Amino acid sequence: MKVLLGLGGRADGFDALEATLTRCHEAGDDLTVAVLDTASDEDPDSVAGTVRERVAESGVDADVRTLSGHPGSVLTELAEEEGFDRIVLGGGERTPLGKITLGEVAEFVLLNADVSVTLVR
């Protein structure tokens, strides 16, 4: 399975990275990590460096790319253009009443992607 993981500099993205690396190691999935230029305080190049280090430590062979532009748009476009089977994102917080709230990028991808989307919480 071709998996595209999108992450910015937030903790939920790194949680999704860990879960996805574990899954790819077990299932033999083909992984591409897209570092997105989000509104986080983290520099995308710094995030990409951290991701490359973690990928190397995991033993999973993955391509790490830095994308610029509207994060949701560039992620869905990449998934469509390169034939990915699934997009993985971190996100989805629960409100005190138990409802899930989504960030802007996760909501955009869920509403616009033509492939399956997995949210890691």
# chains A, B, ... in the order shown; residues from 1 in each chain; ligands from 1
>>> closest_atom_pairs(of="region 14-58 of chain A", to="region 89-112 of chain A", cutoff="12 Å", atoms="only C-alpha atoms", output="JSON lines")
{"residue": "A:Phe14", "atom": "CA", "partner": "A:Gly90", "partner_atom": "CA", "distance": 7.6}
{"residue": "A:Asp15", "atom": "CA", "partner": "A:Gly90", "partner_atom": "CA", "distance": 6.8}
{"residue": "A:Ala16", "atom": "CA", "partner": "A:Gly90", "partner_atom": "CA", "distance": 5.0}
{"residue": "A:Leu17", "atom": "CA", "partner": "A:Gly90", "partner_atom": "CA", "distance": 8.2}
{"residue": "A:Glu18", "atom": "CA", "partner": "A:Gly90", "partner_atom": "CA", "distance": 10.4}
{"residue": "A:Ala19", "atom": "CA", "partner": "A:Gly90", "partner_atom": "CA", "distance": 9.7}
{"residue": "A:Thr20", "atom": "CA", "partner": "A:Leu89", "partner_atom": "CA", "distance": 9.5}
{"residue": "A:Val33", "atom": "CA", "partner": "A:Leu89", "partner_atom": "CA", "distance": 10.3}
{"residue": "A:Ala34", "atom": "CA", "partner": "A:Leu89", "partner_atom": "CA", "distance": 10.2}
{"residue": "A:Val35", "atom": "CA", "partner": "A:Leu89", "partner_atom": "CA", "distance": 11.1}
{"residue": "A:Leu36", "atom": "CA", "partner": "A:Val105", "partner_atom": "CA", "distance": 9.8}
{"residue": "A:Asp37", "atom": "CA", "partner": "A:Val105", "partner_atom": "CA", "distance": 10.8}
{"residue": "A:Thr38", "atom": "CA", "partner": "A:Val105", "partner_atom": "CA", "distance": 8.6}
{"residue": "A:Ala39", "atom": "CA", "partner": "A:Val105", "partner_atom": "CA", "distance": 10.4}
>>> write_last_selection(atoms="N, CA and C atoms", output="PDB file, in the first residue's frame")
ATOM      1  N   PHE A  14       3.747  14.164  15.015  1.00  0.00           N
ATOM      2  CA  PHE A  14       4.804  13.226  15.374  1.00  0.00           C
ATOM      3  C   PHE A  14       4.226  11.938  15.960  1.00  0.00           C
ATOM      4  N   ASP A  15       3.073  12.033  16.634  1.00  0.00           N
ATOM      5  CA  ASP A  15       2.376  10.818  17.085  1.00  0.00           C
ATOM      6  C   ASP A  15       1.941   9.989  15.878  1.00  0.00           C
ATOM      7  N   ALA A  16       1.432  10.670  14.863  1.00  0.00           N
ATOM      8  CA  ALA A  16       1.024   9.980  13.637  1.00  0.00           C
ATOM      9  C   ALA A  16       2.233   9.359  12.940  1.00  0.00           C
ATOM     10  N   LEU A  17       3.371  10.050  12.978  1.00  0.00           N
ATOM     11  CA  LEU A  17       4.596   9.510  12.384  1.00  0.00           C
ATOM     12  C   LEU A  17       4.975   8.197  13.061  1.00  0.00           C
ATOM     13  N   GLU A  18       4.968   8.175  14.386  1.00  0.00           N
ATOM     14  CA  GLU A  18       5.337   6.960  15.115  1.00  0.00           C
ATOM     15  C   GLU A  18       4.391   5.809  14.790  1.00  0.00           C
ATOM     16  N   ALA A  19       3.090   6.089  14.800  1.00  0.00           N
ATOM     17  CA  ALA A  19       2.103   5.041  14.499  1.00  0.00           C
ATOM     18  C   ALA A  19       2.262   4.538  13.066  1.00  0.00           C
ATOM     19  N   THR A  20       2.526   5.435  12.144  1.00  0.00           N
ATOM     20  CA  THR A  20       2.658   5.067  10.739  1.00  0.00           C
ATOM     21  C   THR A  20       3.944   4.287  10.486  1.00  0.00           C
ATOM     22  N   VAL A  33       6.599  10.762   3.508  1.00  0.00           N
ATOM     23  CA  VAL A  33       6.230  11.734   4.536  1.00  0.00           C
ATOM     24  C   VAL A  33       6.301  13.120   3.915  1.00  0.00           C
ATOM     25  N   ALA A  34       5.195  13.844   3.977  1.00  0.00           N
ATOM     26  CA  ALA A  34       5.131  15.210   3.458  1.00  0.00           C
ATOM     27  C   ALA A  34       5.132  16.166   4.638  1.00  0.00           C
ATOM     28  N   VAL A  35       6.199  16.939   4.771  1.00  0.00           N
ATOM     29  CA  VAL A  35       6.274  17.957   5.814  1.00  0.00           C
ATOM     30  C   VAL A  35       5.609  19.204   5.262  1.00  0.00           C
ATOM     31  N   LEU A  36       4.565  19.637   5.954  1.00  0.00           N
ATOM     32  CA  LEU A  36       3.731  20.738   5.479  1.00  0.00           C
ATOM     33  C   LEU A  36       4.109  22.046   6.152  1.00  0.00           C
ATOM     34  N   ASP A  37       4.013  23.115   5.411  1.00  0.00           N
ATOM     35  CA  ASP A  37       4.264  24.452   5.947  1.00  0.00           C
ATOM     36  C   ASP A  37       2.968  24.943   6.584  1.00  0.00           C
ATOM     37  N   THR A  38       2.811  24.653   7.877  1.00  0.00           N
ATOM     38  CA  THR A  38       1.591  25.022   8.599  1.00  0.00           C
ATOM     39  C   THR A  38       1.841  26.259   9.448  1.00  0.00           C
ATOM     40  N   ALA A  39       0.843  26.634  10.201  1.00  0.00           N
ATOM     41  CA  ALA A  39       0.941  27.827  11.047  1.00  0.00           C
ATOM     42  C   ALA A  39       1.694  27.568  12.349  1.00  0.00           C
TER      43      ALA A  39
END
>>> select_by_dssp(residues="region 23-117 of chain A", states="alpha helix (DSSP H)", output="number ranges by chain")
A: 23-27, 44-58, 71-81, 104-112
>>> write_last_selection(atoms="N, CA and C atoms", output="CSV table (one decimal), in the first residue's frame")
chain,number,residue,atom,x,y,z
A,23,ARG,N,3.3,0.8,11.6
A,23,ARG,CA,2.4,0.1,10.7
A,23,ARG,C,3.2,-0.3,9.4
A,24,CYS,N,4.0,0.6,8.9
A,24,CYS,CA,4.7,0.4,7.7
A,24,CYS,C,5.8,-0.7,7.9
A,25,HIS,N,6.4,-0.7,9.0
A,25,HIS,CA,7.4,-1.7,9.4
A,25,HIS,C,6.7,-3.1,9.4
A,26,GLU,N,5.5,-3.2,10.0
A,26,GLU,CA,4.8,-4.5,10.1
A,26,GLU,C,4.2,-4.9,8.8
A,27,ALA,N,3.6,-4.0,8.0
A,27,ALA,CA,2.9,-4.4,6.8
A,27,ALA,C,3.7,-4.3,5.5
A,44,PRO,N,9.7,24.3,8.7
A,44,PRO,CA,9.5,23.1,8.0
A,44,PRO,C,10.8,22.3,7.7
A,45,ASP,N,11.9,23.0,7.5
A,45,ASP,CA,13.2,22.4,7.2
A,45,ASP,C,13.7,21.7,8.5
A,46,SER,N,13.5,22.3,9.6
A,46,SER,CA,13.8,21.7,10.9
A,46,SER,C,13.0,20.5,11.2
A,47,VAL,N,11.7,20.6,10.9
A,47,VAL,CA,10.8,19.4,11.1
A,47,VAL,C,11.2,18.3,10.2
A,48,ALA,N,11.5,18.6,8.9
A,48,ALA,CA,11.9,17.6,8.0
A,48,ALA,C,13.2,16.9,8.5
A,49,GLY,N,14.1,17.6,9.1
A,49,GLY,CA,15.4,17.0,9.6
A,49,GLY,C,15.0,16.0,10.7
A,50,THR,N,14.1,16.4,11.6
A,50,THR,CA,13.7,15.6,12.7
A,50,THR,C,13.1,14.3,12.2
A,51,VAL,N,12.2,14.5,11.2
A,51,VAL,CA,11.5,13.4,10.6
A,51,VAL,C,12.5,12.4,9.9
A,52,ARG,N,13.5,12.9,9.2
A,52,ARG,CA,14.5,12.1,8.6
A,52,ARG,C,15.3,11.3,9.6
A,53,GLU,N,15.6,11.9,10.7
A,53,GLU,CA,16.3,11.2,11.8
A,53,GLU,C,15.5,10.0,12.3
A,54,ARG,N,14.2,10.3,12.6
A,54,ARG,CA,13.3,9.3,13.2
A,54,ARG,C,13.1,8.2,12.2
A,55,VAL,N,12.9,8.5,10.9
A,55,VAL,CA,12.7,7.5,9.9
A,55,VAL,C,14.0,6.6,9.8
A,56,ALA,N,15.2,7.2,9.8
A,56,ALA,CA,16.4,6.4,9.8
A,56,ALA,C,16.5,5.5,11.0
A,57,GLU,N,16.1,5.9,12.2
A,57,GLU,CA,16.2,5.1,13.4
A,57,GLU,C,15.2,3.9,13.3
A,58,SER,N,14.1,4.1,12.6
A,58,SER,CA,13.0,3.1,12.6
A,58,SER,C,13.4,2.0,11.6
A,71,PRO,N,-1.5,23.7,2.9
A,71,PRO,CA,-1.2,22.4,3.3
A,71,PRO,C,-2.2,21.3,2.8
A,72,GLY,N,-3.5,21.6,3.0
A,72,GLY,CA,-4.5,20.6,2.6
A,72,GLY,C,-4.5,20.4,1.1
A,73,SER,N,-4.4,21.5,0.3
A,73,SER,CA,-4.4,21.4,-1.1
A,73,SER,C,-3.2,20.6,-1.7
A,74,VAL,N,-2.0,21.0,-1.2
A,74,VAL,CA,-0.8,20.3,-1.8
A,74,VAL,C,-0.8,18.9,-1.4
A,75,LEU,N,-1.3,18.5,-0.2
A,75,LEU,CA,-1.3,17.1,0.2
A,75,LEU,C,-2.3,16.3,-0.6
A,76,THR,N,-3.5,16.8,-0.8
A,76,THR,CA,-4.5,16.1,-1.7
A,76,THR,C,-4.0,16.0,-3.1
A,77,GLU,N,-3.4,17.0,-3.6
A,77,GLU,CA,-2.9,17.0,-5.0
A,77,GLU,C,-1.8,16.0,-5.2
A,78,LEU,N,-0.9,15.9,-4.2
A,78,LEU,CA,0.2,15.0,-4.3
A,78,LEU,C,-0.4,13.5,-4.2
A,79,ALA,N,-1.3,13.3,-3.4
A,79,ALA,CA,-1.9,12.0,-3.3
A,79,ALA,C,-2.6,11.5,-4.6
A,80,GLU,N,-3.3,12.4,-5.2
A,80,GLU,CA,-3.9,12.1,-6.5
A,80,GLU,C,-2.9,11.9,-7.6
A,81,GLU,N,-1.9,12.8,-7.7
A,81,GLU,CA,-1.0,12.8,-8.8
A,81,GLU,C,-0.1,11.6,-8.8
A,104,GLU,N,-7.9,22.8,10.6
A,104,GLU,CA,-8.2,23.2,9.2
A,104,GLU,C,-7.7,22.3,8.2
A,105,VAL,N,-6.5,21.8,8.4
A,105,VAL,CA,-5.9,20.9,7.4
A,105,VAL,C,-6.6,19.6,7.3
A,106,ALA,N,-6.8,19.0,8.5
A,106,ALA,CA,-7.5,17.7,8.5
A,106,ALA,C,-8.9,17.8,7.9
A,107,GLU,N,-9.6,18.8,8.2
A,107,GLU,CA,-10.9,19.0,7.7
A,107,GLU,C,-10.9,19.1,6.2
A,108,PHE,N,-10.0,19.9,5.7
A,108,PHE,CA,-9.9,20.1,4.2
A,108,PHE,C,-9.6,18.8,3.5
A,109,VAL,N,-8.6,18.0,4.1
A,109,VAL,CA,-8.2,16.8,3.5
A,109,VAL,C,-9.4,15.8,3.5
A,110,LEU,N,-10.0,15.7,4.6
A,110,LEU,CA,-11.2,14.7,4.7
A,110,LEU,C,-12.3,15.1,3.7
A,111,LEU,N,-12.5,16.3,3.5
A,111,LEU,CA,-13.6,16.7,2.6
A,111,LEU,C,-13.2,16.7,1.1
A,112,ASN,N,-11.9,16.7,0.8
A,112,ASN,CA,-11.5,16.9,-0.6
A,112,ASN,C,-10.6,15.7,-1.2
>>> closest_residue(among="A:Gly83, A:Ala11, A:Asp41, A:Asp30", to="Val60 (chain A)", atoms="only C-alpha atoms")
A:Asp30
>>> atom_distance(atom1="CA of Asp63 (chain A)", atom2="CA of Phe84 (chain A)")
13.1 Å
>>> residues_around(residues="Thr118 (chain A)", least_positions_apart="3", cutoff="8 Å", atoms="only C-alpha atoms", output="PyMOL selection string")
chain A and resi 86-89
>>> closest_residue(among="A:Leu21, A:Arg121, A:Gly28, A:Asp43", to="Leu5 (chain A)", atoms="only C-alpha atoms")
A:Leu21
>>> atom_distance(atom1="CA of Gly9 (chain A)", atom2="CA of Gly59 (chain A)")
22.0 Å
>>> select_by_dssp(residues="chain A", states="strand (DSSP E)", output="PyMOL selection string")
chain A and resi 2-7+30-36+62-67+86-90+93-94+100-101+116-120
>>> write_last_selection(atoms="C-alpha atoms", output="JSON list (two decimals), in the first residue's frame")
[["chain", "number", "residue", "atom", "x", "y", "z"],
["A", 2, "LYS", "CA", 1.29, 3.49, -0.84],
["A", 3, "VAL", "CA", 0.88, 5.68, 2.25],
["A", 4, "LEU", "CA", 1.26, 9.45, 2.39],
["A", 5, "LEU", "CA", 1.74, 10.93, 5.86],
["A", 6, "GLY", "CA", 1.23, 14.68, 6.19],
["A", 7, "LEU", "CA", 2.60, 16.51, 9.20],
["A", 30, "ASP", "CA", 5.55, 2.18, 0.93],
["A", 31, "LEU", "CA", 5.76, 5.43, 2.93],
["A", 32, "THR", "CA", 6.19, 9.03, 1.86],
["A", 33, "VAL", "CA", 6.23, 11.73, 4.54],
["A", 34, "ALA", "CA", 5.13, 15.21, 3.46],
["A", 35, "VAL", "CA", 6.27, 17.96, 5.81],
["A", 36, "LEU", "CA", 3.73, 20.74, 5.48],
["A", 62, "ALA", "CA", 10.63, 6.37, 3.42],
["A", 63, "ASP", "CA", 10.82, 9.41, 1.20],
["A", 64, "VAL", "CA", 10.62, 12.72, 3.12],
["A", 65, "ARG", "CA", 9.51, 15.82, 1.21],
["A", 66, "THR", "CA", 8.85, 19.41, 2.22],
["A", 67, "LEU", "CA", 5.77, 20.92, 0.56],
["A", 86, "ARG", "CA", -4.10, 6.40, 1.86],
["A", 87, "ILE", "CA", -3.38, 9.74, 3.52],
["A", 88, "VAL", "CA", -2.50, 9.69, 7.22],
["A", 89, "LEU", "CA", -2.79, 12.78, 9.43],
["A", 90, "GLY", "CA", -2.50, 13.50, 13.11],
["A", 93, "GLU", "CA", -9.34, 16.45, 19.60],
["A", 94, "ARG", "CA", -12.33, 15.56, 21.75],
["A", 100, "ILE", "CA", -14.30, 15.41, 17.74],
["A", 101, "THR", "CA", -12.99, 18.75, 16.52],
["A", 116, "SER", "CA", -8.93, 7.02, 2.17],
["A", 117, "VAL", "CA", -7.86, 9.23, 5.04],
["A", 118, "THR", "CA", -6.77, 7.99, 8.46],
["A", 119, "LEU", "CA", -6.67, 10.30, 11.47],
["A", 120, "VAL", "CA", -4.32, 9.29, 14.27]]
